[in-house]
file run.cif (mmCIF, C-alpha atoms and all ligand atoms)
data_entry
loop_
_atom_site.label_atom_id
_atom_site.label_comp_id
_atom_site.auth_asym_id
_atom_site.auth_seq_id
_atom_site.Cartn_x
_atom_site.Cartn_y
_atom_site.Cartn_z
CA MET P 1 -40.96 64.57 -28.94
CA HIS P 2 -38.21 62.09 -29.85
CA HIS P 3 -36.20 60.17 -27.28
CA PHE P 4 -33.09 61.87 -25.97
CA PHE P 5 -30.66 61.05 -23.18
CA GLN P 6 -27.81 62.58 -21.24
CA GLY P 7 -25.30 61.37 -18.66
CA LYS P 8 -25.60 58.21 -16.59
CA THR P 9 -28.73 56.49 -17.85
CA LEU P 10 -30.64 53.22 -18.09
CA ARG P 11 -31.25 51.00 -21.13
CA GLN P 12 -34.28 49.33 -19.56
CA ALA P 13 -36.55 51.13 -17.10
CA HIS P 14 -36.51 49.73 -13.56
CA LYS P 15 -33.39 47.61 -14.18
CA GLY P 16 -29.67 48.16 -13.73
CA ILE P 17 -29.97 51.32 -11.63
CA PRO P 18 -26.38 52.35 -10.82
CA GLU P 19 -25.33 51.26 -7.32
CA GLY P 20 -26.25 53.84 -4.69
CA HIS P 21 -28.57 55.74 -7.02
CA TYR P 22 -32.33 56.04 -7.43
CA GLU P 23 -34.57 55.93 -10.46
CA GLU P 24 -37.44 58.41 -10.75
CA GLU P 25 -40.05 58.06 -13.47
CA GLN P 26 -41.79 61.21 -14.66
CA GLY P 27 -44.68 60.37 -16.95
CA LEU P 28 -47.82 61.82 -18.51
CA LYS P 29 -51.19 60.15 -19.11
CA GLY P 30 -50.95 57.60 -16.28
CA PHE P 31 -47.95 55.53 -17.49
CA PHE P 32 -49.10 55.58 -21.14
CA GLY P 33 -47.80 58.97 -22.32
CA PRO P 34 -44.39 60.61 -22.78
CA VAL P 35 -42.08 59.42 -20.00
CA SER P 36 -38.51 59.88 -18.79
CA HIS P 37 -36.43 58.02 -16.23
CA LEU P 38 -34.04 60.09 -14.17
CA VAL P 39 -31.09 58.62 -12.28
CA LYS P 40 -30.74 60.55 -9.04
CA LYS P 41 -28.26 60.54 -6.19
CA LYS P 42 -31.07 60.62 -3.64
CA PRO P 43 -34.83 60.02 -3.69
CA SER P 44 -36.94 63.15 -4.25
CA THR P 45 -39.09 62.14 -1.29
CA ARG P 46 -36.43 63.37 1.14
CA TRP P 47 -38.28 66.62 1.88
CA THR P 48 -37.66 68.13 5.31
CA GLN P 49 -40.58 70.55 5.36
CA ILE P 50 -43.78 71.07 3.38
CA ASP P 51 -45.60 74.41 3.64
CA GLY P 52 -48.91 74.71 1.82
CA PRO P 53 -51.88 72.50 1.02
CA LEU P 54 -50.17 69.95 -1.27
CA LYS P 55 -48.85 66.90 0.59
CA PRO P 56 -49.23 63.13 0.82
CA ARG P 57 -52.13 62.26 3.10
CA MET P 58 -53.10 59.17 5.08
CA PHE P 59 -56.43 58.40 6.71
CA ASP P 60 -57.12 55.66 9.25
CA CYS P 61 -60.58 54.80 7.94
CA VAL P 62 -60.92 52.03 10.54
CA GLU P 63 -61.83 54.90 12.86
CA LEU P 64 -64.36 56.34 10.40
CA LYS P 65 -68.02 55.88 11.37
CA ALA P 66 -70.05 54.79 8.36
CA SER P 67 -73.13 53.05 9.76
CA SER P 68 -75.82 55.54 8.81
CA GLY P 69 -75.50 55.39 5.03
CA TRP P 70 -72.94 56.21 2.39
CA GLN P 71 -70.21 58.19 4.17
CA ARG P 72 -68.43 60.38 1.61
CA THR P 73 -64.63 60.63 1.89
CA LEU P 74 -62.88 61.71 -1.35
CA PHE P 75 -64.59 63.14 -4.41
CA ASN P 76 -64.35 65.08 -7.65
CA GLU P 77 -66.63 65.61 -10.65
CA ASP P 78 -66.09 62.04 -11.97
CA VAL P 79 -65.90 59.88 -8.86
CA THR P 80 -66.96 59.79 -5.23
CA ILE P 81 -65.50 57.34 -2.73
CA TYR P 82 -67.69 56.38 0.22
CA PHE P 83 -67.61 53.84 3.05
CA GLN P 84 -70.62 52.00 4.37
CA ASP P 85 -70.92 49.69 7.39
CA LEU P 86 -73.70 47.10 7.35
CA GLU P 87 -74.95 45.28 10.43
CA VAL P 88 -76.87 42.01 10.29
CA ASP P 89 -80.41 43.34 10.47
CA GLU P 90 -83.74 42.00 9.20
CA LYS P 91 -84.63 45.57 8.19
CA GLN P 92 -82.31 45.20 5.20
CA LEU P 93 -84.98 42.94 3.67
CA GLN P 94 -87.41 45.84 3.61
CA SER P 95 -85.85 48.23 1.13
CA ALA P 96 -83.87 48.51 -2.07
CA ILE P 97 -81.69 51.26 -3.50
CA ARG P 98 -81.11 52.63 -6.97
CA ASN P 99 -78.29 54.97 -7.88
CA GLY P 100 -79.49 57.48 -10.48
CA ASP P 101 -76.17 59.33 -10.34
CA GLY P 102 -73.93 56.66 -11.81
CA ASP P 103 -72.51 53.15 -11.84
CA THR P 104 -71.69 51.88 -8.35
CA LEU P 105 -68.65 49.71 -7.68
CA TYR P 106 -68.74 48.16 -4.23
CA PHE P 107 -65.68 46.50 -2.70
CA CYS P 108 -66.15 44.28 0.35
CA HIS P 109 -63.37 44.98 2.85
CA ALA P 110 -64.95 42.81 5.56
CA GLY P 111 -68.00 40.60 6.00
CA LYS P 112 -70.24 38.70 3.64
CA GLY P 113 -73.84 38.62 2.49
CA ARG P 114 -76.35 38.56 -0.31
CA ILE P 115 -77.42 41.13 -2.88
CA TYR P 116 -80.96 41.00 -4.19
CA SER P 117 -81.59 42.71 -7.52
CA GLU P 118 -84.13 42.86 -10.33
CA TYR P 119 -81.78 40.53 -12.19
CA GLY P 120 -81.44 37.92 -9.44
CA LEU P 121 -79.40 37.03 -6.39
CA LEU P 122 -75.67 37.69 -6.03
CA THR P 123 -73.40 36.97 -3.07
CA TYR P 124 -70.44 38.95 -1.75
CA SER P 125 -67.56 38.17 0.58
CA LYS P 126 -64.30 39.76 1.71
CA GLY P 127 -62.21 40.82 -1.29
CA GLU P 128 -65.11 40.92 -3.75
CA TYR P 129 -66.04 43.71 -6.16
CA VAL P 130 -69.74 44.17 -6.94
CA CYS P 131 -70.46 46.31 -10.01
CA VAL P 132 -74.02 47.66 -10.27
CA PRO P 133 -74.66 49.72 -13.41
CA LYS P 134 -76.42 53.08 -13.02
CA GLY P 135 -80.13 52.87 -12.30
CA LEU P 136 -80.34 49.14 -11.47
CA THR P 137 -82.30 48.40 -8.28
CA HIS P 138 -80.57 46.27 -5.65
CA SER P 139 -80.45 45.49 -1.92
CA PHE P 140 -77.48 44.52 0.24
CA VAL P 141 -78.35 42.05 3.02
CA ALA P 142 -75.39 41.40 5.31
CA GLU P 143 -74.94 37.90 6.75
CA GLU P 144 -71.91 39.13 8.74
CA PRO P 145 -71.15 42.74 9.76
CA SER P 146 -69.69 44.23 6.60
CA ARG P 147 -67.51 47.19 5.66
CA ILE P 148 -67.96 48.26 2.07
CA LEU P 149 -65.82 50.68 0.04
CA ILE P 150 -68.02 52.36 -2.59
CA ILE P 151 -66.57 53.88 -5.78
CA GLU P 152 -69.26 55.81 -7.64
CA ASN P 153 -68.69 56.56 -11.33
CA LYS P 154 -70.60 59.76 -12.07
CA THR P 155 -69.59 60.62 -15.64
CA SER P 156 -69.23 57.32 -17.53
CA HIS P 157 -69.84 53.59 -17.23
CA TYR P 158 -67.35 51.03 -15.97
CA GLU P 159 -65.61 49.09 -18.72
CA GLU P 160 -63.23 46.15 -18.74
CA PRO P 161 -59.48 46.79 -19.04
CA ASP P 162 -57.82 46.49 -22.43
CA ARG P 163 -55.95 43.18 -22.28
CA GLY P 164 -53.77 44.01 -25.31
CA VAL P 165 -51.09 41.48 -26.14
CA ALA P 166 -51.88 39.47 -22.98
CA GLY P 167 -55.04 38.10 -24.62
CA ARG P 168 -58.70 37.94 -23.66
CA ASN P 169 -58.33 35.49 -20.77
CA ALA P 170 -55.65 37.54 -18.97
CA ILE P 171 -56.22 39.50 -15.73
CA TYR P 172 -59.48 37.65 -15.12
CA ASP P 173 -61.46 35.22 -17.21
CA THR P 174 -64.99 36.51 -17.81
CA GLN P 175 -66.21 33.02 -16.90
CA THR P 176 -65.23 33.78 -13.25
CA ILE P 177 -67.61 36.74 -13.04
CA GLY P 178 -70.49 36.20 -10.60
CA ARG P 179 -73.82 36.52 -12.39
CA PRO P 180 -77.24 37.07 -10.80
CA ASP P 181 -79.38 33.99 -10.12
CA LEU P 182 -83.04 34.87 -10.68
CA ASP P 183 -84.57 31.46 -9.84
CA THR P 184 -82.86 31.22 -6.43
CA MET P 185 -83.90 34.76 -5.58
CA ASN P 186 -87.53 34.28 -6.57
CA ALA P 187 -87.68 31.07 -4.53
CA GLN P 188 -86.53 33.05 -1.47
CA ILE P 189 -89.02 35.84 -2.07
CA GLU P 190 -91.97 33.47 -2.59
CA GLY P 191 -94.25 33.78 0.44
CA ASN P 192 -92.57 37.01 1.59
CA GLU P 193 -94.04 39.33 -1.06
CA SER P 194 -96.13 41.22 1.48
CA LYS P 195 -93.12 41.97 3.74
CA TRP P 196 -89.92 42.25 1.72
CA PHE P 197 -88.51 45.12 -0.37
CA LYS P 198 -91.57 47.40 -0.41
CA GLN P 199 -89.46 50.56 -0.49
CA VAL P 200 -87.00 51.74 -3.13
CA ARG P 201 -84.63 54.55 -2.15
CA VAL P 202 -83.30 56.41 -5.18
CA LYS P 203 -80.22 58.64 -5.24
CA ARG P 204 -80.29 61.38 -7.86
CA GLN P 205 -78.14 64.53 -7.69
CA ASP P 206 -76.95 63.25 -4.30
CA GLN P 207 -80.44 63.48 -2.83
CA TRP P 208 -82.33 60.39 -1.66
CA THR P 209 -86.03 59.87 -2.50
CA THR P 210 -88.12 56.94 -1.23
CA PHE P 211 -90.70 55.19 -3.42
CA THR P 212 -93.13 52.97 -1.46
CA TYR P 213 -95.01 49.97 -2.89
CA GLU P 214 -97.76 47.74 -1.54
CA GLU P 215 -95.83 44.56 -2.33
CA CYS P 216 -92.28 43.43 -3.00
CA TYR P 217 -90.67 45.51 -5.75
CA TYR P 218 -88.75 42.51 -7.10
CA ASP P 219 -91.17 40.69 -9.41
CA VAL P 220 -89.11 39.93 -12.52
CA VAL P 221 -89.81 36.47 -13.95
CA GLY P 222 -87.19 36.60 -16.68
CA TRP P 223 -84.78 38.86 -18.53
CA LYS P 224 -82.26 38.96 -21.37
CA GLY P 225 -79.46 41.35 -22.21
CA ASP P 226 -75.93 42.44 -21.49
CA LEU P 227 -76.71 44.99 -18.76
CA PHE P 228 -76.80 43.46 -15.28
CA PRO P 229 -75.02 43.62 -11.91
CA TYR P 230 -72.08 41.26 -11.44
CA THR P 231 -69.31 40.37 -9.03
CA LEU P 232 -65.56 39.87 -9.42
CA HIS P 233 -63.55 38.43 -6.52
CA MET P 234 -59.89 39.36 -6.03
CA ASP P 235 -59.15 35.61 -5.80
CA ASN P 236 -60.15 35.35 -9.47
CA ILE P 237 -57.82 38.15 -10.62
CA MET P 238 -54.56 36.89 -12.14
CA PRO P 239 -52.06 39.75 -11.75
CA LEU P 240 -50.03 40.59 -14.83
CA MET P 241 -46.32 40.65 -14.12
CA SER P 242 -42.91 40.33 -15.65
CA HIS P 243 -40.34 38.24 -13.81
CA ARG P 244 -37.63 40.47 -15.22
CA ALA P 245 -38.72 44.10 -14.64
CA HIS P 246 -41.33 45.96 -12.59
CA LEU P 247 -44.61 46.69 -14.40
CA PRO P 248 -46.41 49.99 -13.80
CA PRO P 249 -49.59 50.09 -11.68
CA SER P 250 -51.64 50.43 -14.87
CA ALA P 251 -50.95 46.71 -15.51
CA HIS P 252 -53.22 46.00 -12.54
CA THR P 253 -56.26 47.90 -13.87
CA ASN P 254 -59.56 46.05 -13.41
CA PHE P 255 -62.21 48.75 -14.03
CA VAL P 256 -61.87 51.62 -16.48
CA ALA P 257 -63.92 54.83 -16.31
CA ARG P 258 -63.62 58.08 -18.26
CA GLY P 259 -62.08 60.08 -15.45
CA PHE P 260 -60.39 57.37 -13.38
CA VAL P 261 -59.33 53.73 -13.16
CA VAL P 262 -59.63 51.13 -10.39
CA CYS P 263 -56.68 48.75 -9.93
CA SER P 264 -56.03 45.81 -7.58
CA PHE P 265 -52.60 45.14 -6.10
CA LEU P 266 -52.43 41.46 -5.19
CA PRO P 267 -49.83 38.98 -3.91
CA ARG P 268 -47.26 38.13 -6.57
CA PRO P 269 -43.64 37.02 -6.87
CA LEU P 270 -41.03 39.77 -6.84
CA GLU P 271 -38.93 40.30 -9.94
CA SER P 272 -36.13 37.71 -10.03
CA ASP P 273 -33.50 39.38 -12.23
CA SER P 274 -30.58 40.33 -9.99
CA ASP P 275 -30.51 43.94 -11.24
CA ALA P 276 -34.29 44.49 -11.24
CA LEU P 277 -35.90 47.09 -8.99
CA LYS P 278 -38.04 45.12 -6.53
CA VAL P 279 -39.98 47.89 -4.79
CA PRO P 280 -42.42 50.22 -6.57
CA PHE P 281 -40.38 52.85 -8.37
CA TYR P 282 -40.15 56.49 -7.32
CA HIS P 283 -42.37 58.35 -9.72
CA GLN P 284 -44.41 61.36 -10.63
CA ASN P 285 -47.67 60.18 -12.15
CA ILE P 286 -47.99 63.76 -13.34
CA ASP P 287 -51.62 63.77 -14.52
CA TYR P 288 -53.25 61.67 -11.79
CA ASP P 289 -54.20 61.87 -8.13
CA GLU P 290 -53.65 58.44 -6.54
CA VAL P 291 -55.80 56.86 -3.84
CA LEU P 292 -54.76 53.58 -2.24
CA PHE P 293 -57.05 51.61 0.05
CA TYR P 294 -55.11 49.05 2.05
CA HIS P 295 -57.39 46.00 2.20
CA ASP P 296 -55.34 43.17 3.67
CA GLY P 297 -51.92 41.56 4.04
CA ASP P 298 -48.46 43.02 4.48
CA PHE P 299 -47.93 46.34 2.71
CA PHE P 300 -44.30 45.99 1.77
CA SER P 301 -43.68 49.45 0.35
CA ARG P 302 -44.95 51.34 3.39
CA ASP P 303 -44.23 51.52 7.14
CA ASN P 304 -46.77 51.49 9.93
CA LEU P 305 -49.82 50.57 7.92
CA HIS P 306 -52.76 48.42 8.82
CA PRO P 307 -55.70 47.15 6.80
CA GLY P 308 -58.52 49.67 6.40
CA MET P 309 -56.30 52.74 5.93
CA MET P 310 -56.47 54.93 2.82
CA SER P 311 -53.81 57.23 1.36
CA LEU P 312 -54.10 60.12 -1.07
CA HIS P 313 -51.04 61.08 -3.11
CA PRO P 314 -52.13 64.08 -5.17
CA ALA P 315 -50.35 64.89 -8.43
CA GLY P 316 -47.64 67.53 -8.20
CA PHE P 317 -44.86 65.78 -6.31
CA PRO P 318 -42.95 62.50 -6.57
CA HIS P 319 -43.65 59.53 -4.34
CA GLY P 320 -42.32 56.04 -3.89
CA PRO P 321 -41.44 53.40 -1.33
CA HIS P 322 -40.54 54.24 2.24
CA PRO P 323 -36.81 54.00 3.08
CA LYS P 324 -37.35 51.08 5.47
CA ALA P 325 -39.14 49.16 2.71
CA VAL P 326 -36.18 49.68 0.38
CA LYS P 327 -33.76 48.42 3.04
CA GLY P 328 -36.05 45.61 4.15
CA ILE P 329 -36.59 44.05 0.75
CA GLY P 330 -33.61 41.71 1.55
CA THR P 331 -34.54 38.12 0.90
CA LYS P 332 -38.24 38.70 0.18
CA THR P 333 -39.40 36.74 -2.83
CA HIS P 334 -43.03 37.81 -3.11
CA THR P 335 -45.54 40.42 -2.00
CA GLU P 336 -48.43 39.71 0.37
CA GLU P 337 -50.46 42.87 -0.16
CA TYR P 338 -54.09 43.32 -1.17
CA ALA P 339 -54.96 46.90 -2.05
CA VAL P 340 -57.43 48.83 -4.19
CA MET P 341 -56.11 51.85 -6.09
CA VAL P 342 -58.23 54.63 -7.60
CA ASP P 343 -56.29 56.95 -9.95
CA THR P 344 -58.19 60.09 -10.94
CA LEU P 345 -57.54 62.61 -13.70
CA LYS P 346 -59.22 65.51 -11.90
CA PRO P 347 -57.98 66.62 -8.47
CA LEU P 348 -59.76 65.04 -5.52
CA GLN P 349 -61.32 66.95 -2.67
CA VAL P 350 -61.26 65.65 0.90
CA ASP P 351 -64.58 65.46 2.76
CA GLU P 352 -64.59 66.82 6.30
CA SER P 353 -65.54 63.32 7.50
CA LEU P 354 -61.83 62.49 7.21
CA ASP P 355 -60.69 65.39 9.41
CA ASP P 356 -60.69 63.29 12.58
CA VAL P 357 -59.00 60.22 11.10
CA GLU P 358 -56.08 61.85 9.26
CA LEU P 359 -52.53 60.97 10.31
CA SER P 360 -51.07 64.47 10.27
CA ASP P 361 -47.40 63.35 10.25
CA TYR P 362 -47.69 61.05 7.24
CA TRP P 363 -45.71 63.46 5.04
CA LYS P 364 -42.69 62.81 7.27
CA SER P 365 -42.75 59.05 6.75
CA TRP P 366 -40.20 59.07 3.91
CA GLN P 367 -37.53 60.48 6.20
CA GLY P 368 -35.21 57.53 6.83
FE FE S 1 -48.04 56.24 -7.50
#
call {"tool": "encode", "arguments": {"input": "run.cif", "output": "C-alpha cells"}}
result
Amino acid sequence: MHHFFQGKTLRQAHKGIPEGHYEEEQGLKGFFGPVSHLVKKKPSTRWTQIDGPLKPRMFDCVELKASSGWQRTLFNEDVTIYFQDLEVDEKQLQSAIRNGDGDTLYFCHAGKGRIYSEYGLLTYSKGEYVCVPKGLTHSFVAEEPSRILIIENKTSHYEEPDRGVAGRNAIYDTQTIGRPDLDTMNAQIEGNESKWFKQVRVKRQDQWTTFTYEECYYDVVGWKGDLFPYTLHMDNIMPLMSHRAHLPPSAHTNFVARGFVVCSFLPRPLESDSDALKVPFYHQNIDYDEVLFYHDGDFFSRDNLHPGMMSLHPAGFPHGPHPKAVKGIGTKTHTEEYAVMVDTLKPLQVDESLDDVELSDYWKSWQG
C-alpha cells in the first residue's frame, strides 16, 4: 500500500506533535512493516473499564519463589521464560545440566558466579547475559546468591542482530563477548575428578533425566569451532540512538530468534531536539506480545515500579507511557533504566505460578 495522509499530520515520526495532542503508532511486523502515525486528542490508554481476558498485566516477580529449579512464568510454542534462584552451595559442583529443548539465554538479575562447561569456564555477574546453545553441557556455581531470568528458545537458535547501516562494531563489539577458558577450568577440576560434576541432568520435552558417571563429566582437553557458550554484559552494549528523534525498541535488539527477539533498554541521553518526543511513543505493536523485565535503575516511563517486576502487554490494544511520566519528563536529560524486553510473535500464556504475584489493578495505571 502506498503512503497516504489526511488532516493534521506529522512530517517526521515522533517529532513536532501538535501542542496538546498525542501521537500513536500503529505498525505491523514489530516496527519493520507497514506503519501509520495518528495524531490524537487524547491517548488511547485512557480506558475506564476493561471487561474480558485481554489487558496489560504486571507481576511482582520479587515475590516469586524460584529456588527449586526453573520456575516457568510466561510461555508459548517458541519461548519459555523462567526464573531461577541460586544459593551458594557446594552441591552445585556435583552436577551439570543440558537443555535438549533449545538454546538457553540466562540473564543475571542479581548475584555473581562461575559457569563450568565442556568448553571451559565462564563468569557471570549482575547485568550479564549468558547464551548456551542447545545441547551444550554446563553448570552454574553461584559465588553470591543469584536470581537468574531464563529465556529458552525452543524453535530456533539465537542469532546476532542485523547491524545494518550502523556497521559491524555497533550495539556491541564481538571482541567484548566473554569466551570460555578451558585451561583455567581444567586447572580447577584437577584433583577433584572423583567428586565434581558426576551427574548430568538433561531436559528434553520439558522432562528432566539424570545421567550418572563415575568421574567428572568435564574432561575436554581441547576444542575448535564456532559453537560454544558465551557471555555478553549490559555494560558492553552501546545503545543505538538518534539525538533528534526517538528510535523504536527494535533498535535495542541484542538476540534474534525465529519467534521472538530479546532487547536491552539501557541508560542513554534523551532526544535533544526541542520538538522531539522524549518518552516512549504510544503504540500498537500489532503483531507482537511484549514482555518487559525491569532489571535496575529508574523506570522513567512507568509509575510505581521496582526492580524485579515483569509486565506483559499483549497485542490487541495500544500502550505507552504513564501520564505522570509524560508530565514528569521536565528537565530530565537522560534515562537511568536497565530492562530486558522479550517481544513474541505468538501469544504468550501465563503460568499459574504468577497468580499470587500479579498486581490486579495495573490496567488502571494509565488513568491520570
Ligand atoms: Fe511496546
call {"tool": "closest_residue", "arguments": {"input": "run.cif", "among": "P:His14, P:Gly52, P:Ala142, P:Thr9", "to": "P:Leu247", "atoms": "all atoms listed in the file"}}
result
P:His14
call {"tool": "closest_atom_pairs", "arguments": {"input": "run.cif", "of": "chain P", "to": "ligand FE 1 (chain S)", "cutoff": "8 Å", "atoms": "all atoms listed in the file", "output": "CSV"}}
result
residue,atom,partner,partner_atom,distance
P:Pro249,CA,S:FE1,FE,7.6
P:Tyr282,CA,S:FE1,FE,7.9
P:His283,CA,S:FE1,FE,6.4
P:Gln284,CA,S:FE1,FE,7.0
P:Asn285,CA,S:FE1,FE,6.1
P:Glu290,CA,S:FE1,FE,6.1
P:His313,CA,S:FE1,FE,7.2
P:His319,CA,S:FE1,FE,6.3
P:Gly320,CA,S:FE1,FE,6.8
call {"tool": "residues_around", "arguments": {"input": "run.cif", "residues": "P:Pro323", "least_positions_apart": "5", "cutoff": "10 Å", "atoms": "only C-alpha atoms", "output": "PyMOL selection string"}}
result
chain P and resi 43+45-46+301-303+328+365-368
call {"tool": "residues_around", "arguments": {"input": "run.cif", "residues": "stretch 293-297 of chain P", "least_positions_apart": "3", "cutoff": "7 Å", "atoms": "only C-alpha atoms", "output": "list in words"}}
result
His109, Pro307, Gly308, Met309, Met310, Ser311, Glu336, Glu337, Tyr338, Ala339, Val340 and Met341 of chain P
call {"tool": "closest_residue", "arguments": {"input": "run.cif", "among": "P:Phe299, P:Phe5, P:Phe197, P:Tyr217", "to": "P:Lys324", "atoms": "all atoms listed in the file"}}
result
P:Phe299
call {"tool": "residues_around", "arguments": {"input": "run.cif", "residues": "stretch 263-276 of chain P", "least_positions_apart": "3", "cutoff": "9 Å", "atoms": "only C-alpha atoms", "output": "VMD selection string"}}
result
chain P and resid 14 to 17 234 to 235 237 to 239 241 to 246 249 to 256 279 297 332 to 343
call {"tool": "write_last_selection", "arguments": {"input": "run.cif", "atoms": "C-alpha atoms", "output": "CSV table (one decimal), in the frame of the given file"}}
result
chain,number,residue,atom,x,y,z
P,14,HIS,CA,-36.5,49.7,-13.6
P,15,LYS,CA,-33.4,47.6,-14.2
P,16,GLY,CA,-29.7,48.2,-13.7
P,17,ILE,CA,-30.0,51.3,-11.6
P,234,MET,CA,-59.9,39.4,-6.0
P,235,ASP,CA,-59.2,35.6,-5.8
P,237,ILE,CA,-57.8,38.2,-10.6
P,238,MET,CA,-54.6,36.9,-12.1
P,239,PRO,CA,-52.1,39.8,-11.8
P,241,MET,CA,-46.3,40.6,-14.1
P,242,SER,CA,-42.9,40.3,-15.6
P,243,HIS,CA,-40.3,38.2,-13.8
P,244,ARG,CA,-37.6,40.5,-15.2
P,245,ALA,CA,-38.7,44.1,-14.6
P,246,HIS,CA,-41.3,46.0,-12.6
P,249,PRO,CA,-49.6,50.1,-11.7
P,250,SER,CA,-51.6,50.4,-14.9
P,251,ALA,CA,-51.0,46.7,-15.5
P,252,HIS,CA,-53.2,46.0,-12.5
P,253,THR,CA,-56.3,47.9,-13.9
P,254,ASN,CA,-59.6,46.0,-13.4
P,255,PHE,CA,-62.2,48.8,-14.0
P,256,VAL,CA,-61.9,51.6,-16.5
P,279,VAL,CA,-40.0,47.9,-4.8
P,297,GLY,CA,-51.9,41.6,4.0
P,332,LYS,CA,-38.2,38.7,0.2
P,333,THR,CA,-39.4,36.7,-2.8
P,334,HIS,CA,-43.0,37.8,-3.1
P,335,THR,CA,-45.5,40.4,-2.0
P,336,GLU,CA,-48.4,39.7,0.4
P,337,GLU,CA,-50.5,42.9,-0.2
P,338,TYR,CA,-54.1,43.3,-1.2
P,339,ALA,CA,-55.0,46.9,-2.0
P,340,VAL,CA,-57.4,48.8,-4.2
P,341,MET,CA,-56.1,51.8,-6.1
P,342,VAL,CA,-58.2,54.6,-7.6
P,343,ASP,CA,-56.3,57.0,-10.0
call {"tool": "atom_distance", "arguments": {"input": "run.cif", "atom1": "atom CA of P:Glu87", "atom2": "atom CA of P:Ser67"}}
result
8.0 Å
call {"tool": "residues_around", "arguments": {"input": "run.cif", "residues": "P:Val141", "least_positions_apart": "4", "cutoff": "7 Å", "atoms": "only C-alpha atoms", "output": "compact mmCIF listing (two decimals) with C-alpha atoms, keeping the file's coordinate frame"}}
result
# COMPACT_ATOMS: atom_id res chain seq x y z
CA GLN P 92 -82.31 45.20 5.20
CA LEU P 93 -84.98 42.94 3.67
CA GLY P 113 -73.84 38.62 2.49
CA ARG P 114 -76.35 38.56 -0.31
CA ILE P 115 -77.42 41.13 -2.88
